[in-house]
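Undergrad: Please see the structure below; I have some questions.
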Amino acid sequence: MIGVRVDGRPVEVDEGQTILAACRLAGVDTPTLCWAQNLTPQNACRVCVVEVEGARALVPACSRAAEPGMQIKTNTARVRHSRKLVVEFLASTVDVSTAPGLQEYSRRYGAEPDRFSGGRTLADRPLKIDNDAYVRDYAKCISCYKCVQACGTEAQNTFAIAVGGRGFATHITTEWDVGLPDSACVYCGNCVAVCPTGALTAKTEFDLRAAGTWDEQRQTVTDTICSYCGVGCQLTLHVQDNRIVKVTSPADHDITLGNLCVKGRFGWTYVHAGLDDGEGA
């Protein structure tokens with residue numbers, strides 16, 4: 001164990017743990033977008049930066065390891081200004097309508113993305129609906145690379161999703177920009193699970209949102225075990241109006257780590273068999 005101070009509060013963390021872990025142990029809500037507990041930090045969004053005494057620049061809390069005696073400050077004017085700018089840059093270039101976390105950070109730091117309006121925007125990218133599992137709306141993509149990680153060596157090892165282009169033309173895509181049915185995608189939906197902005201959305205959720213009937217306030221959440229095989233993957237069923245509308249899996253589950261296969265994430269429609277004919281569930 002090593003000792004650090006977060007905003008003046010003493011905290012002990014295991015050697016090798018990050019500043020972000022120390023902040024959370026101290027009860028500090030440090031914002032993150034590109035970080036996930038089941039993925040390797042990529043330092044892509046920089047919204048988690050903090051000030052470390054003696055350091056010249058702000059450091060990313062998600063990847064910087066805590067060091068003995070480190071003095072960490074998470075709410076200085078410099079930190080707040082940096083986070084505000086990051087949020088403003090993102091919100092001025094993409095559609096954040098389905099990114100509640102980003103919206104909350106915008107309110108928290110008093111972001112004014114409209115002051116950057118008129119510049120380069122990514123929100124004019126066409127919607128991609130080419131399968132029945134999930135929808136790709138890259139007008140909402142902040143290039144956090146979490147979907148690329150989930151599709152690659154971090155989870156699925158399918159490599160259907162990758163980074164295409166260079167410089168300002170950099171974007172998330174499939175190999176050779178082909179449609180998902182022509183790619184290596186196996187529709188596990190693990191990319192959907194880690195997306196922080198709704199750029200990747202289950203088709204059922206997308207359809208309900210488009211119809212104006214998606215309402216998380218009316219949804220209940222129930223944990224169960226996937227019925228397809230004996231692995232024991234835990235499913236979290238999101239139910240609205242007595243119908244499953246989405247399936248996720250806890251990122252801290254020791255079997256799934258938030259990951260599922262196509263059957264677990266999208267193969268639950270059999271539960272509704274007979275409902276449309278007026279029969280019981």
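By convention here, the chains of the structure tokens are called A, B, ... in the order presented, each chain's residues are numbered starting at 1, and ligands are numbered starting at 1 in the order presented.
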Show me, as a tab-separated table, the residues of region 16-72 of chain A having an atom within 10 Å of region 249-264 of chain A, each with the closest atom pair and its distance in Å, using only C-alpha atoms.

TA:
residue	atom	partner	partner_atom	distance
A:Ala36	CA	A:Ala251	CA	8.4
A:Gln37	CA	A:Ala251	CA	7.0
A:Asn38	CA	A:Leu257	CA	6.3
A:Leu39	CA	A:Leu257	CA	9.6

Undergrad: Where does region 136-226 of chain A meet region 235-239 of chain A within 9 Å, residue by residue, with the nearest atom pair and distance in Å to one decimal for each, counting only C-alpha atoms, listed by chain and rising number, as a Markdown table?

TA:
| residue | atom | partner | partner_atom | distance |
| --- | --- | --- | --- | --- |
| A:Glu216 | CA | A:His238 | CA | 8.8 |
| A:Arg218 | CA | A:Val239 | CA | 8.4 |
| A:Gln219 | CA | A:Val239 | CA | 5.2 |
| A:Thr220 | CA | A:Val239 | CA | 5.2 |
| A:Val221 | CA | A:His238 | CA | 4.8 |
| A:Thr222 | CA | A:Leu237 | CA | 5.1 |
| A:Asp223 | CA | A:Thr236 | CA | 4.4 |
| A:Thr224 | CA | A:Leu235 | CA | 5.3 |
| A:Ile225 | CA | A:Leu235 | CA | 5.6 |
| A:Cys226 | CA | A:Leu235 | CA | 6.1 |

Undergrad: Could you write out that same residue set with C-alpha atoms as a PDB file, in the first residue's frame?

TA:
ATOM      1  CA  GLU A 216     -35.902   5.016 -18.598  1.00  0.00           C
ATOM      2  CA  ARG A 218     -40.576   3.615 -16.485  1.00  0.00           C
ATOM      3  CA  GLN A 219     -37.997   0.851 -16.822  1.00  0.00           C
ATOM      4  CA  THR A 220     -37.133  -1.769 -14.241  1.00  0.00           C
ATOM      5  CA  VAL A 221     -33.817  -3.595 -14.060  1.00  0.00           C
ATOM      6  CA  THR A 222     -33.484  -7.278 -13.171  1.00  0.00           C
ATOM      7  CA  ASP A 223     -30.383  -9.467 -13.033  1.00  0.00           C
ATOM      8  CA  THR A 224     -30.566 -13.054 -14.271  1.00  0.00           C
ATOM      9  CA  ILE A 225     -28.379 -15.752 -15.825  1.00  0.00           C
ATOM     10  CA  CYS A 226     -28.231 -16.293 -19.575  1.00  0.00           C
TER      11      CYS A 226
END

Undergrad: Just checking: using only C-alpha atoms, which residue out of A:Ser97, A:Thr153, A:Ser143, A:Thr204 ends up closest to Asn131 (chain A)?

TA: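 Smallest distance to Asn131 (chain A) is found for A:Thr204.
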
Undergrad: Residues of region 4-184 of chain A classed as strand (DSSP E) by DSSP on the backbone are to be reported as an NGL selection string.

TA: :A and (4-6 or 9-13 or 49-52 or 59-60 or 71-73 or 134-136 or 161-164 or 171-174)

Undergrad: Taking only C-alpha atoms into account, name the residue in A:Trp268, A:Cys191, A:Phe89, A:Gln17 that is nearest to Tyr228 (chain A).

TA: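 For Tyr228 (chain A), the nearest of the given residues is A:Trp268.
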
Undergrad: Report as a list in words all protein, DNA and RNA residues lying within 12 Å of Asn157 (chain A), evaluated on only C-alpha atoms, omitting residues in the same chain fewer than 4 positions from it.

TA: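 These residues fall inside the cut-off: Cys147, Val148, Gln149, Ala150, Cys151, Gly152, Thr153, Ile161, Ala162, Ala184, Cys185, Val186, Cys188, Asn190 and Cys191 of chain A.
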
Undergrad: Just C-alpha atoms for this one: save the residues we selected as a short mmCIF file (atom, residue, chain, number, x, y, z; two decimals), in the first residue's frame.

TA:
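Now in part33.cif:
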data_model
loop_
_atom_site.label_atom_id
_atom_site.label_comp_id
_atom_site.auth_asym_id
_atom_site.auth_seq_id
_atom_site.Cartn_x
_atom_site.Cartn_y
_atom_site.Cartn_z
CA CYS A 147 -15.48 0.20 -29.18
CA VAL A 148 -12.22 -0.54 -31.00
CA GLN A 149 -10.76 -1.97 -27.80
CA ALA A 150 -13.85 -4.09 -27.06
CA CYS A 151 -13.83 -5.48 -30.59
CA GLY A 152 -10.08 -6.15 -30.46
CA THR A 153 -7.70 -7.77 -28.00
CA ILE A 161 -14.21 -2.13 -35.77
CA ALA A 162 -11.09 -0.05 -36.28
CA ALA A 184 -16.06 -9.57 -39.48
CA CYS A 185 -18.66 -8.42 -36.93
CA VAL A 186 -20.23 -11.22 -34.87
CA CYS A 188 -21.76 -9.48 -29.73
CA ASN A 190 -19.70 -5.39 -26.65
CA CYS A 191 -18.93 -2.19 -28.55
#

Undergrad: If we count only C-alpha atoms, what is near region 206-215 of chain A at a cut-off of 9 Å, once residues fewer than 5 positions away on the same chain are taken out, given as JSON, numbers by chain?

TA: {"A": [134, 135, 201, 240, 245]}

Undergrad: Mind checking which residues fall within 7 Å of region 46-53 of chain A, counting only C-alpha atoms, ignoring those fewer than 5 positions away in the same chain, and posting them as a PyMOL selection string?

TA: chain A and resi 30-32+58-62+71-74+79+83+86

Undergrad: Could you check the closest approach to Ala155 (chain A) for each of A:Cys34, A:Ala193, A:Leu25, A:Ala77 and tell me which residue wins, using only C-alpha atoms?

TA: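 Using only C-alpha atoms, the shortest distance to Ala155 (chain A) belongs to A:Ala193.
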